[in-house]
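> Here it is, the structure in full.
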Amino acid sequence: MTHESGDARPAGSRPGLITTRQVLDAAGVARAVEAIAAELRRRRGDDAAELALVGIHSGGVPLAKRLAQALAATGWPAPPVGMIDITLYRDDVFLGLPQPIVGETELGFDVNGRRLVLVDDVLFTGRTVRSALDALIDFGRPRSIELAVLVDRGHRELPIEPTYVGCRAETRLDENVHVALTELGAASDAVVVESRRGTA
Amino acid sequence: MIDGAVRSEAEFPALQHLLGLEGLTRGEISSILDLSTRMKEIGERPLKKVPSLRGKTVCTLFVEASTRTRTSFEVAAKRLSADTMSLTASASSLTKGETLLDTAKNLEAMGPDIIILRHSAAGAPHFLARHVRAAVVNAGDGRHEHPTQGLLDLFTIRERLGRLEGLEVAIVGDVANSRVARSNIFALRTMGAKVRLSGPATMMPPGLEALGVTPCRRIEEAIDGADVVMMLRIQKERMGSDLFPSDREYFRCFGLTRERLKRARPHVLVMHPGPINRGVEITPDVADGPESVILEQVTNGVAVRMAVLYVLAHRQGRAS
């Protein structure tokens, strides 16, 4: 999810005071995806059986597709890629989020017996992943579910940890992590931390 | 598809109630239809339920009989995990002389978030909406509007033909008594479709041109080159008598037959809000034919009503 639940951006911050620092550039994003693919192969031995990837809408979807390509590039059969939207499973939709727009869910395969890897762009509080696990399990009984994220920015509020991490970013709670991907309309791939220093 | 990311910039409809389709903007209708697409997918899952409206209470208050619309709303609410309660005219104190307002205040005391009202009096949902905190959905008020039927018809057309803009839609039958026709006319015009109407002269209200629609004396004129043919139900319970001589006479002049349907475009959709009077409005071979989307309308009705409940459960400002 590009929108981060639990984002504690201070009210009244002035947009003129945004500072940014880049965590990954385009090459860094590519290396991170390849590193996840390599680690996934290593951990699974050479066993690609029943593997399927599920991207969390919206940032996780292109990343899941890239991860499938990266796995194929190592000589594995490209795993099927599904997408899941967790809006209807969120625990915070009635807490005043402005636009609970529902994205597309399309798995395209039977999850029963699958060894799934859930893919998202940013891991923050863990609430999105909790919602995604609930959603996935409503589709059946996968044999296992692992979690791959491009960026782990810390500040977990639930006991959820990633299996595969592209990179870790030290962030403050009031900062915003933005993942730009060309598939989502960005000019180039990047991971950027935005700081909004409000009233000093 | 990544298009969802782009679409998330779209406006979320800021509805407080759904009382009619008159006055809804193109953006509001489009976003409800987009949301309905997502809701339809839930109905195709092995486990047809999401926890989105857990803890919300949806109350159906049907002062006028209708099994299918009430069931459709209840299925929609349950698929979103809302709790439902239902009152019908025969079971409610309305038959004991209680006023609608008193019934509503008593319902309100049980804390529903959304009240779905069907009533034989036009404007009853608007009256209710002024007096309760809950969001009100009009499930049909007299001859006025039936907004969720209009939305499910638009959804069905858009899903099958890919668009609404520029389509030629023929609506045939008892236009004067039909809230389905009114809701469809408002929404189809807003979305840029062209609407032609045909029915017995006794069932065609005056002043139709002011709604931007084209009245046709004969059904053949209305169907000629149409993308959609929407047949209205002859509402025997509502009209009393005298509006047309006999079922056979009605069928001869305005019944949809395979021969008449040949005048429409090859991809034509045949629609009907149900229940069908076979052999009166439509022949069985057309009702069950390849052009018919009548049962799809029923399936889509659940999806559209899920979307409406979802939107109203998220209304800003008044919900606690």
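Residues are named by chain letter and number: chains run A, B, ... in the order of the structure tokens, numbers start at 1 in each chain, and ligands are numbered from 1 in the order shown.
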Would you kindly return, as a VMD selection string, each protein, DNA or RNA residue with an atom no farther than 9 Å from any atom of range 310-315 of chain B, considering only C-alpha atoms and excluding same-chain residues fewer than 6 positions away?

(chain A and resid 93 to 94 96 98 to 100) or (chain B and resid 12 to 18 32 35 52 to 53 56 77 80 113 to 114 135 to 137)

> Which residues of chain A sit at most 9 Å from chain B, using only C-alpha atoms? Give each one's shortest atom pair and distance in Å (one decimal place), in chain and ascending residue order, as a Markdown table.


| residue | atom | partner | partner_atom | distance |
| --- | --- | --- | --- | --- |
| A:His57 | CA | B:Ala5 | CA | 8.0 |
| A:Ser58 | CA | B:Ala5 | CA | 5.9 |
| A:Gly59 | CA | B:Ala5 | CA | 8.5 |
| A:Val61 | CA | B:Ile2 | CA | 7.6 |
| A:Pro62 | CA | B:Ile2 | CA | 7.9 |
| A:Met83 | CA | B:Met1 | CA | 8.4 |
| A:Thr87 | CA | B:Ser52 | CA | 7.9 |
| A:Leu88 | CA | B:Ser52 | CA | 4.6 |
| A:Tyr89 | CA | B:Ser52 | CA | 5.7 |
| A:Arg90 | CA | B:Ser52 | CA | 7.3 |
| A:Asp91 | CA | B:Ser52 | CA | 8.5 |
| A:Val93 | CA | B:His314 | CA | 7.9 |
| A:Phe94 | CA | B:His314 | CA | 6.8 |
| A:Gly96 | CA | B:Gln316 | CA | 7.6 |
| A:Pro98 | CA | B:Phe12 | CA | 8.3 |
| A:Gln99 | CA | B:Phe12 | CA | 5.8 |
| A:Pro100 | CA | B:Phe12 | CA | 7.6 |
| A:Ile101 | CA | B:Ser8 | CA | 5.9 |
| A:Val102 | CA | B:Leu35 | CA | 6.6 |
| A:Gly103 | CA | B:Gly4 | CA | 5.2 |
| A:Glu104 | CA | B:Arg38 | CA | 6.2 |
| A:Thr105 | CA | B:Arg38 | CA | 7.5 |
| A:Glu106 | CA | B:Glu41 | CA | 8.4 |
| A:Ala135 | CA | B:Val50 | CA | 7.9 |
| A:Asp138 | CA | B:Leu47 | CA | 6.0 |
| A:Phe139 | CA | B:Pro46 | CA | 6.4 |
| A:Gly140 | CA | B:Pro46 | CA | 7.9 |
| A:Glu183 | CA | B:Ile2 | CA | 7.5 |
| A:Leu184 | CA | B:Ile2 | CA | 6.9 |
| A:Gly185 | CA | B:Val6 | CA | 8.7 |

> Now that the selection is made, can you save its residues with N, CA, C and O atoms as a compact mmCIF listing (two decimals), in the first residue's frame?


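Resulting contents of part-v8.txt:
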# COMPACT_ATOMS: atom_id res chain seq x y z
N HIS A 57 -1.91 -4.33 -3.34
CA HIS A 57 -2.28 -3.15 -4.10
C HIS A 57 -1.88 -1.88 -3.35
O HIS A 57 -2.12 -1.80 -2.17
N SER A 58 -1.26 -0.83 -3.95
CA SER A 58 -0.92 -0.83 -5.36
C SER A 58 0.59 -1.04 -5.55
O SER A 58 1.00 -1.64 -6.55
N GLY A 59 1.43 -0.57 -4.61
CA GLY A 59 2.88 -0.62 -4.81
C GLY A 59 3.44 -2.02 -4.90
O GLY A 59 4.44 -2.28 -5.58
N VAL A 61 2.14 -4.61 -6.32
CA VAL A 61 1.79 -5.35 -7.54
C VAL A 61 2.90 -5.32 -8.58
O VAL A 61 3.35 -6.37 -9.04
N PRO A 62 3.41 -4.12 -8.94
CA PRO A 62 4.53 -4.13 -9.89
C PRO A 62 5.77 -4.80 -9.32
O PRO A 62 6.52 -5.46 -10.08
N MET A 83 -2.81 -10.30 -7.36
CA MET A 83 -2.82 -9.03 -6.64
C MET A 83 -3.98 -9.03 -5.65
O MET A 83 -5.01 -9.67 -5.88
N THR A 87 -8.28 -2.96 1.27
CA THR A 87 -9.12 -1.88 1.80
C THR A 87 -10.29 -2.42 2.63
O THR A 87 -10.62 -1.87 3.68
N LEU A 88 -10.92 -3.50 2.16
CA LEU A 88 -12.10 -4.03 2.85
C LEU A 88 -11.72 -4.83 4.10
O LEU A 88 -12.58 -5.33 4.80
N TYR A 89 -10.41 -4.97 4.35
CA TYR A 89 -9.94 -5.71 5.52
C TYR A 89 -9.22 -4.83 6.52
O TYR A 89 -8.66 -5.30 7.50
N ARG A 90 -9.18 -3.54 6.25
CA ARG A 90 -8.43 -2.64 7.13
C ARG A 90 -9.10 -2.50 8.48
O ARG A 90 -10.31 -2.63 8.60
N ASP A 91 -8.29 -2.16 9.49
CA ASP A 91 -8.84 -1.94 10.83
C ASP A 91 -9.00 -0.46 11.14
O ASP A 91 -9.33 -0.09 12.24
N VAL A 93 -10.48 1.93 8.70
CA VAL A 93 -11.22 2.68 7.68
C VAL A 93 -12.23 3.65 8.27
O VAL A 93 -12.62 4.60 7.61
N PHE A 94 -12.68 3.39 9.48
CA PHE A 94 -13.67 4.31 10.05
C PHE A 94 -13.02 5.36 10.95
O PHE A 94 -13.68 6.06 11.67
N GLY A 96 -11.45 7.95 9.90
CA GLY A 96 -11.36 9.25 9.26
C GLY A 96 -10.43 9.32 8.07
O GLY A 96 -10.07 10.39 7.65
N PRO A 98 -9.62 9.70 4.36
CA PRO A 98 -10.49 10.41 3.44
C PRO A 98 -11.09 9.56 2.32
O PRO A 98 -12.25 9.68 2.01
N GLN A 99 -10.32 8.69 1.70
CA GLN A 99 -10.81 8.03 0.49
C GLN A 99 -10.56 6.53 0.52
O GLN A 99 -9.57 6.06 0.01
N PRO A 100 -11.45 5.78 1.15
CA PRO A 100 -11.25 4.33 1.17
C PRO A 100 -11.62 3.69 -0.17
O PRO A 100 -12.53 2.91 -0.27
N ILE A 101 -10.90 4.07 -1.23
CA ILE A 101 -11.15 3.53 -2.56
C ILE A 101 -10.66 2.08 -2.61
O ILE A 101 -9.58 1.76 -2.13
N VAL A 102 -11.47 1.22 -3.18
CA VAL A 102 -11.15 -0.20 -3.22
C VAL A 102 -10.46 -0.54 -4.53
O VAL A 102 -10.98 -0.24 -5.60
N GLY A 103 -9.29 -1.15 -4.46
CA GLY A 103 -8.57 -1.57 -5.66
C GLY A 103 -8.92 -2.99 -6.06
O GLY A 103 -9.75 -3.65 -5.43
N GLU A 104 -8.28 -3.45 -7.10
CA GLU A 104 -8.64 -4.74 -7.68
C GLU A 104 -7.97 -5.91 -6.96
O GLU A 104 -6.81 -5.84 -6.59
N THR A 105 -8.74 -6.95 -6.72
CA THR A 105 -8.20 -8.22 -6.23
C THR A 105 -8.36 -9.25 -7.32
O THR A 105 -9.46 -9.44 -7.84
N GLU A 106 -7.26 -9.88 -7.72
CA GLU A 106 -7.31 -10.88 -8.79
C GLU A 106 -6.16 -11.85 -8.55
O GLU A 106 -5.00 -11.52 -8.77
N ALA A 135 -7.15 -11.45 4.31
CA ALA A 135 -7.77 -11.52 2.99
C ALA A 135 -7.36 -12.80 2.27
O ALA A 135 -8.19 -13.52 1.72
N ASP A 138 -8.98 -15.95 3.47
CA ASP A 138 -10.37 -16.10 3.03
C ASP A 138 -10.47 -16.77 1.67
O ASP A 138 -11.55 -17.22 1.27
N PHE A 139 -9.39 -16.83 0.93
CA PHE A 139 -9.40 -17.49 -0.38
C PHE A 139 -9.08 -18.97 -0.29
O PHE A 139 -9.16 -19.68 -1.28
N GLY A 140 -8.63 -19.45 0.86
CA GLY A 140 -8.30 -20.86 0.98
C GLY A 140 -7.22 -21.07 2.01
O GLY A 140 -6.97 -20.21 2.86
N GLU A 183 6.05 1.72 -13.29
CA GLU A 183 4.73 1.16 -13.63
C GLU A 183 3.59 2.00 -13.06
O GLU A 183 2.47 1.95 -13.55
N LEU A 184 3.88 2.75 -11.97
CA LEU A 184 2.83 3.56 -11.36
C LEU A 184 2.93 5.02 -11.80
O LEU A 184 2.38 5.91 -11.16
N GLY A 185 3.67 5.24 -12.88
CA GLY A 185 3.70 6.57 -13.46
C GLY A 185 4.91 7.42 -13.11
O GLY A 185 5.00 8.56 -13.54

> Write out as number ranges by chain each polymer residue whose atoms come within 6 Å of range 190-193 of chain B, counting only C-alpha atoms; drop sequence neighbours fewer than 5 positions from it.

B: 26, 164-167

> With all heavy atoms retained, export the selected residues as a PDB file, in the first residue's frame.


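The resulting selection.pdb:
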ATOM      1  N   ARG B  26     -21.921  12.859 -12.666  1.00  0.00           N
ATOM      2  CA  ARG B  26     -21.316  11.794 -13.449  1.00  0.00           C
ATOM      3  C   ARG B  26     -20.191  11.120 -12.667  1.00  0.00           C
ATOM      4  O   ARG B  26     -20.060   9.895 -12.680  1.00  0.00           O
ATOM      5  CB  ARG B  26     -20.760  12.403 -14.747  1.00  0.00           C
ATOM      6  CG  ARG B  26     -20.322  11.391 -15.766  1.00  0.00           C
ATOM      7  CD  ARG B  26     -19.723  12.086 -16.968  1.00  0.00           C
ATOM      8  NE  ARG B  26     -20.745  12.489 -17.918  1.00  0.00           N
ATOM      9  CZ  ARG B  26     -20.710  12.155 -19.219  1.00  0.00           C
ATOM     10  NH1 ARG B  26     -19.715  11.449 -19.698  1.00  0.00           N
ATOM     11  NH2 ARG B  26     -21.656  12.546 -20.027  1.00  0.00           N
ATOM     12  N   LEU B 164     -21.292   3.890 -21.465  1.00  0.00           N
ATOM     13  CA  LEU B 164     -22.677   4.358 -21.415  1.00  0.00           C
ATOM     14  C   LEU B 164     -22.872   5.525 -22.385  1.00  0.00           C
ATOM     15  O   LEU B 164     -23.910   5.662 -23.013  1.00  0.00           O
ATOM     16  CB  LEU B 164     -23.032   4.797 -19.987  1.00  0.00           C
ATOM     17  CG  LEU B 164     -23.076   3.655 -18.959  1.00  0.00           C
ATOM     18  CD1 LEU B 164     -23.025   4.214 -17.532  1.00  0.00           C
ATOM     19  CD2 LEU B 164     -24.321   2.809 -19.137  1.00  0.00           C
ATOM     20  N   GLU B 165     -21.808   6.327 -22.498  1.00  0.00           N
ATOM     21  CA  GLU B 165     -21.839   7.518 -23.339  1.00  0.00           C
ATOM     22  C   GLU B 165     -22.256   7.162 -24.771  1.00  0.00           C
ATOM     23  O   GLU B 165     -21.677   6.271 -25.384  1.00  0.00           O
ATOM     24  CB  GLU B 165     -20.431   8.132 -23.352  1.00  0.00           C
ATOM     25  CG  GLU B 165     -20.257   9.305 -24.265  1.00  0.00           C
ATOM     26  CD  GLU B 165     -20.399  10.620 -23.515  1.00  0.00           C
ATOM     27  OE1 GLU B 165     -19.784  10.751 -22.450  1.00  0.00           O
ATOM     28  OE2 GLU B 165     -21.118  11.499 -24.020  1.00  0.00           O
ATOM     29  N   GLY B 166     -23.273   7.860 -25.269  1.00  0.00           N
ATOM     30  CA  GLY B 166     -23.651   7.709 -26.666  1.00  0.00           C
ATOM     31  C   GLY B 166     -24.529   6.506 -26.992  1.00  0.00           C
ATOM     32  O   GLY B 166     -24.933   6.344 -28.142  1.00  0.00           O
ATOM     33  N   LEU B 167     -24.808   5.653 -26.016  1.00  0.00           N
ATOM     34  CA  LEU B 167     -25.646   4.485 -26.298  1.00  0.00           C
ATOM     35  C   LEU B 167     -27.104   4.911 -26.494  1.00  0.00           C
ATOM     36  O   LEU B 167     -27.561   5.890 -25.923  1.00  0.00           O
ATOM     37  CB  LEU B 167     -25.576   3.475 -25.144  1.00  0.00           C
ATOM     38  CG  LEU B 167     -24.243   2.768 -24.917  1.00  0.00           C
ATOM     39  CD1 LEU B 167     -24.386   1.780 -23.767  1.00  0.00           C
ATOM     40  CD2 LEU B 167     -23.771   2.048 -26.172  1.00  0.00           C
TER      41      LEU B 167
END

> So which residues touch Leu151 in chain B within 10 Å, counting only C-alpha atoms, skipping near sequence neighbours fewer than 6 positions away, as a PyMOL selection string?

chain B and resi 21+29-30+32-33+36+157+183-184+187-188+300-301+304-305+308

> Suppose you want the space between CA of Lys262 in chain B and CA of Val175 in chain B; what is it in Å?

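CA of Lys262 in chain B sits 22.9 Å away from CA of Val175 in chain B.
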
> Return the single residue from A:Arg127, A:Arg31, A:Arg197, A:Arg168 that is closest to Leu17 in chain A, with distances computed using only C-alpha atoms.

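Selected residue with least distance to Leu17 in chain A: A:Arg197.
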
> Please indicate the distance in Å from CA of Met230 in chain B to CA of Asp288 in chain B, rounded to one decimal place.

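CA of Asp288 in chain B lies at a distance of 14.5 Å from CA of Met230 in chain B.
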